[in-house]
$ cat my_file26.cif   # mmCIF, C-alpha atoms
data_target
loop_
_atom_site.label_atom_id
_atom_site.label_comp_id
_atom_site.auth_asym_id
_atom_site.auth_seq_id
_atom_site.Cartn_x
_atom_site.Cartn_y
_atom_site.Cartn_z
CA MET G 327 20.59 171.63 -66.59
CA LEU G 328 22.17 174.90 -65.60
CA LYS G 329 20.05 177.90 -64.82
CA GLN G 330 22.31 179.87 -67.15
CA SER G 331 21.80 178.47 -70.66
CA GLY G 332 24.41 180.54 -72.47
CA TRP G 333 27.16 177.98 -72.14
CA VAL G 334 24.92 175.29 -73.66
CA MET G 335 24.26 177.47 -76.70
CA GLY G 336 27.93 178.27 -77.07
CA LEU G 337 28.92 174.66 -76.70
CA SER G 338 26.36 173.58 -79.29
CA VAL G 339 28.02 175.89 -81.77
CA GLY G 340 31.34 174.22 -80.99
CA LEU G 341 29.82 170.78 -81.38
CA ALA G 342 28.48 171.68 -84.79
CA LEU G 343 32.10 171.99 -85.86
CA GLY G 344 32.69 168.36 -85.01
CA PHE G 345 35.32 166.66 -82.86
CA VAL G 346 37.71 163.80 -83.38
CA GLY G 347 39.13 161.52 -80.68
CA GLY G 348 36.32 161.86 -78.17
CA CYS G 349 32.78 163.01 -77.52
CA ALA G 350 31.11 165.82 -79.40
CA SER G 351 28.31 165.32 -81.94
CA GLY G 352 28.23 161.59 -81.24
CA THR G 353 29.97 158.78 -79.41
CA GLU G 354 29.80 155.16 -80.39
CA ASP G 355 27.25 155.85 -83.15
CA SER G 356 29.16 158.67 -84.83
CA ALA G 357 27.73 157.97 -88.26
CA THR G 358 28.97 161.12 -89.88
CA GLY G 359 30.41 159.70 -93.05
CA LYS G 360 33.47 161.92 -92.71
CA ASP G 361 37.20 161.48 -92.92
CA PRO G 362 38.93 161.00 -89.61
CA GLY G 363 39.98 164.51 -88.75
CA ALA G 364 37.22 166.23 -90.70
CA LYS G 365 35.60 169.24 -89.01
CA VAL G 366 32.05 168.95 -90.34
CA ALA G 367 29.45 166.92 -88.48
CA VAL G 368 26.41 165.66 -90.41
CA ASN G 369 23.44 163.72 -89.11
CA ALA G 370 23.54 160.40 -90.96
CA ALA G 371 19.90 159.75 -90.17
CA ALA G 372 18.69 163.05 -91.48
CA PRO G 373 14.95 163.22 -92.16
CA THR G 374 13.46 163.80 -95.56
CA GLY G 375 14.13 167.33 -96.71
CA ALA G 376 17.37 167.66 -94.74
CA ARG G 377 20.59 168.42 -96.51
CA PRO G 378 21.92 165.34 -98.33
CA ARG G 379 24.55 163.10 -96.79
CA PRO G 380 28.00 163.97 -98.12
CA PRO G 381 29.80 161.36 -100.22
CA ILE G 382 32.31 159.09 -98.52
CA SER G 383 35.80 160.52 -98.91
CA PRO G 384 38.06 158.90 -101.52
CA THR G 385 40.98 159.08 -99.08
CA VAL G 386 42.52 155.63 -98.61
CA TYR G 387 44.05 154.46 -95.33
CA LYS G 388 46.53 151.63 -94.96
CA VAL G 389 44.57 149.11 -92.85
CA PRO G 390 46.37 145.80 -92.34
CA VAL G 391 44.32 142.62 -92.10
CA GLN G 392 46.89 140.27 -90.62
CA ASN G 393 46.10 138.40 -87.38
CA SER G 394 42.38 139.16 -87.66
CA PRO G 395 39.40 136.87 -88.32
CA ILE G 396 38.52 136.94 -92.01
CA ALA G 397 35.36 135.83 -93.82
CA GLY G 398 35.60 135.63 -97.59
CA PRO G 399 38.21 134.59 -100.13
CA GLU G 400 41.71 136.03 -100.30
CA ASP G 401 41.11 137.05 -103.92
CA ALA G 402 37.98 139.09 -103.14
CA LEU G 403 38.20 142.40 -104.98
CA VAL G 404 36.85 144.40 -102.03
CA THR G 405 37.95 144.12 -98.39
CA LEU G 406 35.81 145.56 -95.60
CA VAL G 407 37.60 145.96 -92.25
CA GLU G 408 35.31 146.54 -89.30
CA PHE G 409 36.24 147.89 -85.86
CA SER G 410 33.47 146.83 -83.53
CA ASP G 411 32.26 146.31 -79.94
CA TYR G 412 29.92 143.44 -79.01
CA GLU G 413 28.09 145.51 -76.39
CA CYS G 414 27.44 148.45 -78.72
CA PRO G 415 23.88 148.47 -80.18
CA PHE G 416 25.05 150.41 -83.22
CA CYS G 417 27.63 147.72 -83.92
CA ALA G 418 24.88 145.10 -83.88
CA ARG G 419 23.01 147.24 -86.40
CA GLY G 420 26.17 147.52 -88.49
CA ASN G 421 26.63 143.74 -88.34
CA THR G 422 23.23 143.29 -89.94
CA THR G 423 24.30 145.59 -92.76
CA VAL G 424 27.56 143.68 -93.22
CA LYS G 425 25.64 140.43 -93.58
CA GLN G 426 23.43 142.04 -96.22
CA LEU G 427 26.55 143.13 -98.09
CA GLN G 428 27.95 139.61 -97.93
CA GLU G 429 24.73 138.25 -99.42
CA ARG G 430 24.74 140.86 -102.16
CA TYR G 431 28.41 140.64 -103.20
CA GLY G 432 29.28 137.04 -102.36
CA ASP G 433 32.89 136.09 -103.16
CA ARG G 434 33.68 139.61 -104.32
CA LEU G 435 33.67 140.83 -100.70
CA ARG G 436 36.03 139.90 -97.86
CA VAL G 437 35.14 140.92 -94.28
CA VAL G 438 37.77 141.41 -91.58
CA MET G 439 36.84 141.85 -87.92
CA LYS G 440 38.91 143.95 -85.50
CA HIS G 441 38.00 144.65 -81.89
CA HIS G 442 37.44 148.06 -80.36
CA PRO G 443 35.75 147.54 -76.95
CA LEU G 444 34.72 150.92 -75.55
CA ALA G 445 35.30 151.85 -71.91
CA MET G 446 31.58 152.48 -71.40
CA HIS G 447 30.85 148.80 -72.15
CA PRO G 448 32.32 146.67 -69.34
CA ARG G 449 31.52 143.35 -71.02
CA ALA G 450 32.77 144.26 -74.49
CA ARG G 451 36.39 143.26 -73.81
CA PRO G 452 35.53 139.86 -72.24
CA ALA G 453 33.22 139.24 -75.21
CA ALA G 454 36.01 140.08 -77.67
CA LEU G 455 38.32 137.61 -75.92
CA ALA G 456 35.54 135.01 -75.93
CA ALA G 457 35.16 135.40 -79.69
CA LEU G 458 38.90 135.17 -80.34
CA ALA G 459 39.13 132.10 -78.11
CA ALA G 460 36.33 130.54 -80.13
CA GLY G 461 38.39 131.35 -83.20
CA GLU G 462 41.19 129.17 -81.82
CA GLN G 463 38.77 126.28 -82.40
CA GLY G 464 37.63 127.52 -85.81
CA LYS G 465 34.37 128.97 -84.52
CA PHE G 466 35.03 132.71 -84.45
CA TRP G 467 32.23 133.76 -86.78
CA GLU G 468 29.68 131.50 -85.13
CA MET G 469 30.52 133.04 -81.75
CA HIS G 470 30.60 136.51 -83.33
CA GLU G 471 26.98 136.17 -84.46
CA VAL G 472 25.80 134.77 -81.13
CA LEU G 473 27.42 137.65 -79.23
CA PHE G 474 25.77 140.31 -81.38
CA ALA G 475 22.43 138.51 -81.05
CA ASN G 476 22.79 138.53 -77.26
CA ALA G 477 24.40 141.92 -76.57
CA ARG G 478 22.58 142.18 -73.23
CA ALA G 479 23.72 138.73 -72.10
CA LEU G 480 27.51 138.93 -71.96
CA GLY G 481 28.18 137.97 -68.34
CA GLU G 482 30.55 135.11 -67.53
CA GLU G 483 27.77 132.53 -67.34
CA ASP G 484 26.28 133.88 -70.56
CA LEU G 485 29.58 133.67 -72.43
CA GLU G 486 30.09 130.07 -71.34
CA ARG G 487 26.55 129.23 -72.40
CA HIS G 488 27.20 130.78 -75.81
CA ALA G 489 30.46 128.83 -76.10
CA ARG G 490 28.64 125.57 -75.39
CA GLY G 491 25.98 126.53 -77.88
CA VAL G 492 28.47 126.79 -80.74
CA GLY G 493 30.06 123.47 -79.77
CA LEU G 494 33.35 124.54 -78.20
CA ASP G 495 35.65 122.54 -75.97
CA ILE G 496 34.99 124.64 -72.86
CA ALA G 497 38.19 123.77 -71.00
CA ARG G 498 40.29 124.76 -74.00
CA TRP G 499 38.17 127.87 -74.59
CA ASN G 500 38.70 129.02 -71.01
CA ARG G 501 42.45 128.52 -71.31
CA ASP G 502 42.60 130.40 -74.59
CA ARG G 503 40.60 133.41 -73.51
CA ALA G 504 42.94 133.85 -70.55
CA ASP G 505 45.97 133.76 -72.86
CA PRO G 506 47.77 137.16 -72.85
CA ARG G 507 48.37 136.66 -76.57
CA LEU G 508 44.67 137.23 -77.29
CA ALA G 509 44.52 140.28 -75.01
CA GLU G 510 47.46 141.71 -76.94
CA ARG G 511 45.57 141.22 -80.22
CA VAL G 512 42.66 143.26 -78.86
CA GLN G 513 45.03 145.98 -77.68
CA GLN G 514 46.70 146.09 -81.09
CA ASP G 515 43.30 146.49 -82.75
CA GLU G 516 42.42 149.34 -80.38
CA ALA G 517 45.70 151.12 -81.04
CA LEU G 518 45.22 150.78 -84.79
CA ALA G 519 41.67 152.16 -84.56
CA LEU G 520 42.86 155.26 -82.73
CA LYS G 521 45.79 155.72 -85.10
CA LEU G 522 43.39 155.67 -88.05
CA GLY G 523 41.00 158.10 -86.39
CA ALA G 524 38.31 155.48 -85.76
CA THR G 525 37.56 156.63 -82.22
CA GLY G 526 33.98 155.33 -82.04
CA THR G 527 32.17 152.15 -83.00
CA PRO G 528 31.32 150.80 -85.41
CA ALA G 529 33.94 152.01 -87.88
CA PHE G 530 34.57 150.52 -91.31
CA PHE G 531 37.25 150.76 -93.97
CA VAL G 532 36.21 149.61 -97.44
CA ASN G 533 39.38 149.05 -99.45
CA GLY G 534 40.84 151.58 -97.04
CA ARG G 535 38.05 154.18 -97.29
CA PHE G 536 36.58 155.24 -93.96
CA ILE G 537 32.87 154.89 -93.17
CA SER G 538 31.93 155.99 -89.67
CA GLY G 539 28.95 154.52 -87.86
CA ALA G 540 26.06 152.21 -88.67
CA GLN G 541 25.11 153.93 -91.90
CA PRO G 542 22.38 152.71 -94.27
CA LEU G 543 23.02 149.83 -96.64
CA ASP G 544 23.00 152.09 -99.70
CA VAL G 545 25.94 154.11 -98.33
CA PHE G 546 28.05 150.97 -98.04
CA ALA G 547 26.85 149.57 -101.35
CA GLY G 548 27.77 152.80 -103.10
CA VAL G 549 31.35 152.60 -101.82
CA VAL G 550 31.65 148.86 -102.53
CA ASP G 551 30.44 149.42 -106.11
CA GLU G 552 33.00 152.18 -106.61
CA GLU G 553 35.79 150.02 -105.25
CA LEU G 554 34.71 147.03 -107.33
CA ALA G 555 34.99 149.12 -110.47
CA LYS G 556 38.49 150.26 -109.50
CA ALA G 557 39.53 146.71 -108.63
CA GLU G 558 38.23 145.29 -111.90
CA ALA G 559 40.21 147.93 -113.76
CA LEU G 560 43.35 146.89 -111.87
CA VAL G 561 42.77 143.24 -112.74
CA LYS G 562 42.51 144.16 -116.42
CA THR G 563 46.01 145.64 -116.19
CA GLY G 564 47.37 142.29 -115.02
CA VAL G 565 47.14 142.63 -111.24
CA ARG G 566 46.16 139.31 -109.65
CA PRO G 567 42.85 139.51 -107.71
CA ALA G 568 44.61 138.34 -104.53
CA GLU G 569 46.96 141.33 -104.82
CA VAL G 570 44.27 143.98 -105.36
CA TYR G 571 43.87 144.97 -101.70
CA ALA G 572 47.60 145.28 -101.05
CA ARG G 573 47.99 147.32 -104.23
CA THR G 574 45.00 149.55 -103.36
CA ILE G 575 46.23 150.49 -99.87
CA ALA G 576 49.96 150.53 -100.68
CA ALA G 577 50.10 154.33 -100.90
CA GLY G 578 47.39 154.88 -98.30
CA LYS G 579 47.70 157.06 -95.22
CA GLU G 580 49.01 155.27 -92.16
CA GLU G 581 47.59 157.77 -89.68
CA ALA G 582 44.60 160.08 -89.51
CA ALA G 583 45.14 163.79 -89.99
CA SER G 584 44.06 164.40 -86.39
CA SER G 585 47.04 162.51 -85.02
CA ALA G 586 50.15 163.84 -83.33
CA SER G 587 51.65 165.51 -86.39
CA ALA G 588 48.54 167.58 -86.98
CA GLN G 589 48.07 168.41 -83.32
CA ARG G 590 51.58 169.82 -83.06
CA GLU G 591 50.43 172.52 -85.44
CA MET G 592 47.61 173.63 -83.13
CA PRO G 593 48.36 176.87 -81.28
CA VAL G 594 49.49 176.89 -77.67
CA GLN G 595 46.84 178.29 -75.34
CA LYS G 596 47.06 180.05 -72.01
CA VAL G 597 45.14 177.75 -69.67
CA GLU G 598 45.36 178.54 -65.96
CA VAL G 599 44.67 175.97 -63.25
CA GLY G 600 42.87 178.56 -61.14
CA ASN G 601 40.62 176.93 -58.56
CA ALA G 602 40.23 173.65 -60.47
CA PRO G 603 40.74 170.40 -58.57
CA SER G 604 44.35 169.37 -59.07
CA ARG G 605 46.97 166.99 -57.77
CA GLY G 606 50.72 167.19 -57.97
CA ALA G 607 53.10 169.93 -56.91
CA ALA G 608 51.99 173.45 -57.76
CA ASP G 609 55.52 174.20 -58.95
CA ALA G 610 55.76 171.08 -61.16
CA PRO G 611 57.50 171.90 -64.47
CA VAL G 612 54.63 170.38 -66.45
CA THR G 613 50.91 170.93 -65.92
CA VAL G 614 48.16 168.99 -67.68
CA VAL G 615 44.73 170.61 -67.66
CA ALA G 616 41.96 168.22 -68.73
CA PHE G 617 38.56 169.39 -70.00
CA SER G 618 36.34 166.40 -69.43
CA ASP G 619 32.80 165.03 -69.15
CA PHE G 620 31.88 162.27 -66.70
CA GLU G 621 29.41 160.69 -69.13
CA CYS G 622 31.81 160.61 -72.11
CA PRO G 623 33.29 157.13 -72.75
CA PHE G 624 36.41 158.58 -74.34
CA CYS G 625 37.06 160.62 -71.20
CA ALA G 626 36.87 157.41 -69.17
CA ARG G 627 39.33 155.80 -71.56
CA ALA G 628 41.83 158.58 -70.86
CA VAL G 629 41.74 158.18 -67.06
CA PRO G 630 44.21 155.25 -66.89
CA THR G 631 46.54 157.15 -69.23
CA LEU G 632 46.69 160.15 -66.92
CA LYS G 633 47.20 157.97 -63.85
CA ALA G 634 50.08 156.16 -65.56
CA LEU G 635 51.65 159.49 -66.48
CA GLU G 636 51.32 160.79 -62.92
CA GLN G 637 53.20 157.75 -61.64
CA GLU G 638 55.82 157.91 -64.37
CA TYR G 639 56.50 161.62 -63.90
CA ALA G 640 55.99 161.80 -60.13
CA GLY G 641 57.12 165.17 -58.79
CA LYS G 642 57.31 166.66 -62.27
CA LEU G 643 53.67 166.58 -63.34
CA ARG G 644 50.59 168.38 -62.05
CA VAL G 645 47.11 167.38 -63.31
CA ALA G 646 44.06 169.64 -63.11
CA PHE G 647 40.46 168.83 -63.98
CA LYS G 648 38.00 171.22 -65.62
CA HIS G 649 34.39 170.51 -66.46
CA GLN G 650 32.91 170.38 -69.93
CA PRO G 651 29.57 168.55 -69.67
CA LEU G 652 28.29 168.08 -73.21
CA ALA G 653 24.71 168.77 -74.23
CA GLN G 654 24.10 165.18 -75.41
CA HIS G 655 24.99 163.77 -71.98
CA PRO G 656 22.06 164.58 -69.67
CA ASN G 657 23.76 163.34 -66.50
CA ALA G 658 27.15 164.94 -67.10
CA GLN G 659 26.31 168.28 -65.51
CA PRO G 660 24.77 166.82 -62.32
CA ALA G 661 27.78 164.53 -62.06
CA ALA G 662 30.10 167.52 -62.42
CA ALA G 663 28.21 169.35 -59.65
CA ALA G 664 28.39 166.28 -57.43
CA SER G 665 32.15 166.00 -57.98
CA MET G 666 32.55 169.60 -56.84
CA ALA G 667 30.42 168.91 -53.79
CA ALA G 668 32.82 166.06 -53.03
CA HIS G 669 35.72 168.44 -53.65
CA GLU G 670 34.38 170.65 -50.86
CA GLN G 671 35.00 167.73 -48.54
CA GLY G 672 38.42 166.84 -49.92
CA LYS G 673 37.29 163.82 -51.95
CA PHE G 674 37.21 165.09 -55.53
CA TRP G 675 39.56 162.52 -57.05
CA GLU G 676 37.97 159.60 -55.24
CA PHE G 677 34.55 160.75 -56.48
CA HIS G 678 36.02 161.36 -59.95
CA ASP G 679 37.14 157.72 -60.13
CA LEU G 680 33.75 156.39 -59.00
CA LEU G 681 31.93 158.48 -61.61
CA PHE G 682 34.10 157.27 -64.47
CA ALA G 683 33.80 153.67 -63.26
CA ASN G 684 29.98 153.95 -63.23
CA GLN G 685 29.11 156.04 -66.29
CA ARG G 686 25.77 154.34 -66.75
CA LYS G 687 24.66 155.23 -63.22
CA LEU G 688 24.89 158.98 -62.81
CA ASP G 689 21.35 159.75 -61.62
CA ARG G 690 20.83 161.60 -58.35
CA ALA G 691 20.31 158.44 -56.30
CA SER G 692 23.54 156.93 -57.62
CA LEU G 693 25.47 160.13 -56.94
CA GLU G 694 24.29 160.04 -53.34
CA THR G 695 25.29 156.37 -53.09
CA TYR G 696 28.85 157.19 -54.17
CA ALA G 697 28.97 160.02 -51.63
CA LYS G 698 27.96 157.62 -48.86
CA GLU G 699 30.60 155.11 -50.00
CA LEU G 700 33.24 157.81 -49.58
CA GLY G 701 31.97 158.76 -46.14
CA LEU G 702 30.93 162.29 -47.09
CA ASP G 703 28.75 164.47 -44.88
CA MET G 704 25.48 163.70 -46.66
CA ASN G 705 23.56 166.75 -45.45
CA ARG G 706 26.30 169.02 -46.73
CA PHE G 707 26.57 167.06 -50.01
CA LYS G 708 22.82 167.18 -50.69
CA ALA G 709 22.64 170.87 -49.81
CA ALA G 710 25.39 171.63 -52.33
CA LEU G 711 23.46 169.85 -55.10
CA ASP G 712 20.10 171.35 -54.17
CA SER G 713 21.47 174.90 -54.05
CA ARG G 714 23.30 174.49 -57.39
CA LYS G 715 26.16 176.40 -55.77
CA HIS G 716 28.73 174.94 -58.17
CA ASP G 717 26.89 175.83 -61.40
CA ALA G 718 28.90 179.03 -61.82
CA HIS G 719 32.18 177.12 -61.54
CA ILE G 720 31.07 174.58 -64.16
CA THR G 721 29.81 177.34 -66.45
CA ALA G 722 33.15 179.12 -66.19
CA ASP G 723 35.03 175.93 -67.07
CA ALA G 724 32.81 175.28 -70.09
CA SER G 725 33.20 178.87 -71.27
CA GLU G 726 36.97 178.62 -70.96
CA ALA G 727 36.88 175.40 -72.97
CA MET G 728 35.23 177.25 -75.84
CA ARG G 729 37.73 180.12 -75.56
CA VAL G 730 40.74 177.83 -75.89
CA GLY G 731 39.21 175.76 -78.70
CA ALA G 732 38.28 172.64 -76.74
CA THR G 733 35.09 171.85 -78.66
CA GLY G 734 34.77 168.29 -77.40
CA THR G 735 35.92 165.91 -74.71
CA PRO G 736 38.41 164.96 -73.60
CA THR G 737 40.78 167.79 -74.51
CA PHE G 738 44.07 168.24 -72.66
CA PHE G 739 46.49 171.14 -72.48
CA ILE G 740 50.06 170.20 -71.55
CA ASN G 741 51.70 173.47 -70.59
CA GLY G 742 49.13 174.95 -72.95
CA ARG G 743 49.85 172.54 -75.80
CA PRO G 744 46.62 170.78 -76.88
CA VAL G 745 46.06 167.07 -77.15
CA VAL G 746 42.63 166.29 -78.53
CA GLY G 747 40.90 163.06 -77.58
CA ALA G 748 41.84 159.84 -75.79
CA ARG G 749 45.16 159.54 -77.55
CA PRO G 750 47.87 156.87 -77.03
CA ILE G 751 50.10 157.47 -74.01
CA ASP G 752 53.20 158.00 -76.16
CA GLN G 753 51.69 161.16 -77.60
CA PHE G 754 51.42 162.61 -74.09
CA ARG G 755 54.94 161.42 -73.25
CA ASN G 756 56.41 163.12 -76.29
CA ILE G 757 55.02 166.51 -75.30
CA ILE G 758 55.79 166.09 -71.60
CA ASN G 759 59.40 165.11 -72.36
CA ASP G 760 59.73 168.10 -74.68
CA GLU G 761 58.42 170.43 -71.97
CA LEU G 762 60.76 168.91 -69.40
CA ARG G 763 63.70 169.49 -71.74
CA LYS G 764 62.67 173.13 -72.07
CA ALA G 765 62.57 173.40 -68.27
CA GLY G 766 66.04 171.88 -68.00
CA GLU G 767 64.74 168.73 -66.32
#
$ encode --input "my_file26.cif" --output "structure tokens"
Amino acid sequence: MLKQSGWVMGLSVGLALGFVGGCASGTEDSATGKDPGAKVAVNAAAPTGARPRPPISPTVYKVPVQNSPIAGPEDALVTLVEFSDYECPFCARGNTTVKQLQERYGDRLRVVMKHHPLAMHPRARPAALAALAAGEQGKFWEMHEVLFANARALGEEDLERHARGVGLDIARWNRDRADPRLAERVQQDEALALKLGATGTPAFFVNGRFISGAQPLDVFAGVVDEELAKAEALVKTGVRPAEVYARTIAAGKEEAASSASAQREMPVQKVEVGNAPSRGAADAPVTVVAFSDFECPFCARAVPTLKALEQEYAGKLRVAFKHQPLAQHPNAQPAAAASMAAHEQGKFWEFHDLLFANQRKLDRASLETYAKELGLDMNRFKAALDSRKHDAHITADASEAMRVGATGTPTFFINGRPVVGARPIDQFRNIINDELRKAGE
């Protein structure tokens, strides 16, 4: 931790306001029970005597179920759509709750599975493809259960063992999981999750109503009971049970309030590059300043987006990196200091990439390993970490983040215009193209 603790206190205040699209009060287990875009963070596992959990919002989102594995009858009065990650322990916990709901509600509940493999879980995407490939042989749900039961055994040999265990034709399964069509289905699920504001896992939509995180069974049951009552009332008016879900979500929101339209209303900020690590021409017409955290999975997710933009807008885009290590990520600040020690030796971006590629290994020994891999002067590198010479730089970055309203990570400023979270690349393009037009490019 930093010797100066003021930035931590200030950042904690910012985190209490909540953050959508990235890391703040929680990551994959963001069980806040709030609307996507809400600004109030609540501890879903609050101890006895704590303030009560707020009710789940009545806001309905339009969540399509096509092209996804479905368990339950088409005429079920309640549809639960889950966005999940097979390597996420909170998703496994949520899966247990879903099974309890299926036992309780039987044919009145339909469950739809959509995939949202997080960047911090390297085996989540291969596991998602393995499950979908099993689905090509009618064994999706069997594979689904095996994967959640073996979340720590998702290597290639493990996946094949699981496939054999559920009785799959292995040659066909291998062909199917390499099919780009299945990869595209996963990507479509991810894009839909982000569009709906479901940035973490697990995330659920019960007849379109958002429930974030692995919340207790009674939270889900309360929402299911409410939706059952509404559905039964619709049926009494003559609506066929099989049409209830479509009718319920017909007028629902297609995008979370935190999406591009809302972000355009956020004020432009003056954000200078200063002495931050940057790449691209200093006189580029567009500058992106990123406030980021090396231990935040959403920050890692945004790295390929920025690299793609740098290639696409070569010569017209400058990217700068500023540090915002969050309090809940104990290794983020040491990683930030190590990146600046690498910057001293001209290897910031190479070190940056190694840190994001190894978010689970950011202890001191691992940081030194990455420095050796890059051929850094190890005596100089270690001395920089031991002296904490870069703490003031990191503190200044974090303080600036609070000043410009970047209460979580990642937050980007494109010529001062904010983009909050690991958003789809088109949202960045839209702003960059607008700024280029202003510059006459």
$ closest_atom_pairs --input "my_file26.cif" --of "segment 598-642 of chain G" --to "segment 433-451 of chain G" --cutoff "10 Å" --atoms "all atoms listed in the file" --output "Markdown table"
| residue | atom | partner | partner_atom | distance |
| --- | --- | --- | --- | --- |
| G:Glu621 | CA | G:Met446 | CA | 8.8 |
| G:Cys622 | CA | G:Met446 | CA | 8.2 |
| G:Pro623 | CA | G:Met446 | CA | 5.1 |
| G:Phe624 | CA | G:Ala445 | CA | 7.2 |
| G:Cys625 | CA | G:Ala445 | CA | 9.0 |
| G:Ala626 | CA | G:Ala445 | CA | 6.4 |
| G:Arg627 | CA | G:Ala445 | CA | 5.7 |
| G:Ala628 | CA | G:Ala445 | CA | 9.4 |
$ resolve_selection --input "my_file26.cif" --expression "the PyMOL selection byres ((chain G and resi 420-424) around 8)" --output "PDB file with C-alpha atoms, in the coordinates of the input"
ATOM      1  CA  PHE G 416      25.050 150.410 -83.220  1.00  0.00           C
ATOM      2  CA  CYS G 417      27.630 147.720 -83.920  1.00  0.00           C
ATOM      3  CA  ALA G 418      24.880 145.100 -83.880  1.00  0.00           C
ATOM      4  CA  ARG G 419      23.010 147.240 -86.400  1.00  0.00           C
ATOM      5  CA  LYS G 425      25.640 140.430 -93.580  1.00  0.00           C
ATOM      6  CA  GLN G 426      23.430 142.040 -96.220  1.00  0.00           C
ATOM      7  CA  LEU G 427      26.550 143.130 -98.090  1.00  0.00           C
ATOM      8  CA  GLN G 428      27.950 139.610 -97.930  1.00  0.00           C
ATOM      9  CA  PHE G 474      25.770 140.310 -81.380  1.00  0.00           C
ATOM     10  CA  PRO G 528      31.320 150.800 -85.410  1.00  0.00           C
ATOM     11  CA  GLY G 539      28.950 154.520 -87.860  1.00  0.00           C
ATOM     12  CA  ALA G 540      26.060 152.210 -88.670  1.00  0.00           C
ATOM     13  CA  GLN G 541      25.110 153.930 -91.900  1.00  0.00           C
ATOM     14  CA  PRO G 542      22.380 152.710 -94.270  1.00  0.00           C
ATOM     15  CA  LEU G 543      23.020 149.830 -96.640  1.00  0.00           C
TER      16      LEU G 543
END
$ closest_residue --input "my_file26.cif" --among "G:Val512, G:Ala524, G:Ala529, G:Leu403" --to "Pro567 of chain G" --atoms "all atoms listed in the file"
G:Leu403
$ atom_distance --input "my_file26.cif" --atom1 "atom CA of Leu711 of chain G" --atom2 "atom CA of Tyr696 of chain G"
13.8 Å
$ atom_distance --input "my_file26.cif" --atom1 "atom CA of Ser383 of chain G" --atom2 "atom CA of Val746 of chain G"
22.3 Å
$ closest_residue --input "my_file26.cif" --among "G:Glu767, G:Glu462, G:Asp495, G:Glu638" --to "Phe754 of chain G" --atoms "all atoms listed in the file"
G:Glu638
$ resolve_selection --input "my_file26.cif" --expression "the PyMOL selection byres ((chain G and resi 724) around 8)" --output "compact mmCIF listing (two decimals) with C-alpha atoms, in the coordinates of the input"
# COMPACT_ATOMS: atom_id res chain seq x y z
CA TRP G 333 27.16 177.98 -72.14
CA LEU G 337 28.92 174.66 -76.70
CA LYS G 648 38.00 171.22 -65.62
CA HIS G 649 34.39 170.51 -66.46
CA GLN G 650 32.91 170.38 -69.93
CA PRO G 651 29.57 168.55 -69.67
CA ILE G 720 31.07 174.58 -64.16
CA THR G 721 29.81 177.34 -66.45
CA ALA G 722 33.15 179.12 -66.19
CA ASP G 723 35.03 175.93 -67.07
CA SER G 725 33.20 178.87 -71.27
CA GLU G 726 36.97 178.62 -70.96
CA ALA G 727 36.88 175.40 -72.97
CA MET G 728 35.23 177.25 -75.84
$ closest_residue --input "my_file26.cif" --among "G:Arg690, G:Lys556, G:Arg729, G:His678" --to "Asp712 of chain G" --atoms "only C-alpha atoms"
G:Arg690
$ residues_around --input "my_file26.cif" --residues "Lys642 of chain G" --least-positions-apart "6" --cutoff "7 Å" --atoms "all atoms listed in the file" --output "VMD selection string"
chain G and resid 610 to 612
$ residues_around --input "my_file26.cif" --residues "Gly701 of chain G" --least-positions-apart "6" --cutoff "10 Å" --atoms "all atoms listed in the file" --output "PDB file with C-alpha atoms, in the coordinates of the input"
ATOM      1  CA  GLN G 671      35.000 167.730 -48.540  1.00  0.00           C
ATOM      2  CA  LYS G 673      37.290 163.820 -51.950  1.00  0.00           C
ATOM      3  CA  THR G 695      25.290 156.370 -53.090  1.00  0.00           C
TER       4      THR G 695
END
$ closest_residue --input "my_file26.cif" --among "G:Ala479, G:Leu406, G:Ala667, G:Val629" --to "Arg706 of chain G" --atoms "only C-alpha atoms"
G:Ala667
$ atom_distance --input "my_file26.cif" --atom1 "atom CA of Glu553 of chain G" --atom2 "atom CA of Val389 of chain G"
15.2 Å
$ resolve_selection --input "my_file26.cif" --expression "the PyMOL selection byres ((chain G and resi 503) around 10)" --output "ChimeraX atom specification"
/G:452-460,462,498-502,504-509
$ write_last_selection --input "my_file26.cif" --atoms "C-alpha atoms" --output "CSV table (one decimal), in the coordinates of the input"
chain,number,residue,atom,x,y,z
G,452,PRO,CA,35.5,139.9,-72.2
G,453,ALA,CA,33.2,139.2,-75.2
G,454,ALA,CA,36.0,140.1,-77.7
G,455,LEU,CA,38.3,137.6,-75.9
G,456,ALA,CA,35.5,135.0,-75.9
G,457,ALA,CA,35.2,135.4,-79.7
G,458,LEU,CA,38.9,135.2,-80.3
G,459,ALA,CA,39.1,132.1,-78.1
G,460,ALA,CA,36.3,130.5,-80.1
G,462,GLU,CA,41.2,129.2,-81.8
G,498,ARG,CA,40.3,124.8,-74.0
G,499,TRP,CA,38.2,127.9,-74.6
G,500,ASN,CA,38.7,129.0,-71.0
G,501,ARG,CA,42.4,128.5,-71.3
G,502,ASP,CA,42.6,130.4,-74.6
G,504,ALA,CA,42.9,133.8,-70.6
G,505,ASP,CA,46.0,133.8,-72.9
G,506,PRO,CA,47.8,137.2,-72.8
G,507,ARG,CA,48.4,136.7,-76.6
G,508,LEU,CA,44.7,137.2,-77.3
G,509,ALA,CA,44.5,140.3,-75.0
$ closest_residue --input "my_file26.cif" --among "G:Ala658, G:Val570, G:Leu494, G:Ala607" --to "Phe682 of chain G" --atoms "only C-alpha atoms"
G:Ala658
$ closest_residue --input "my_file26.cif" --among "G:Gly641, G:Lys388, G:Asp401, G:Arg763" --to "Val565 of chain G" --atoms "all atoms listed in the file"
G:Asp401
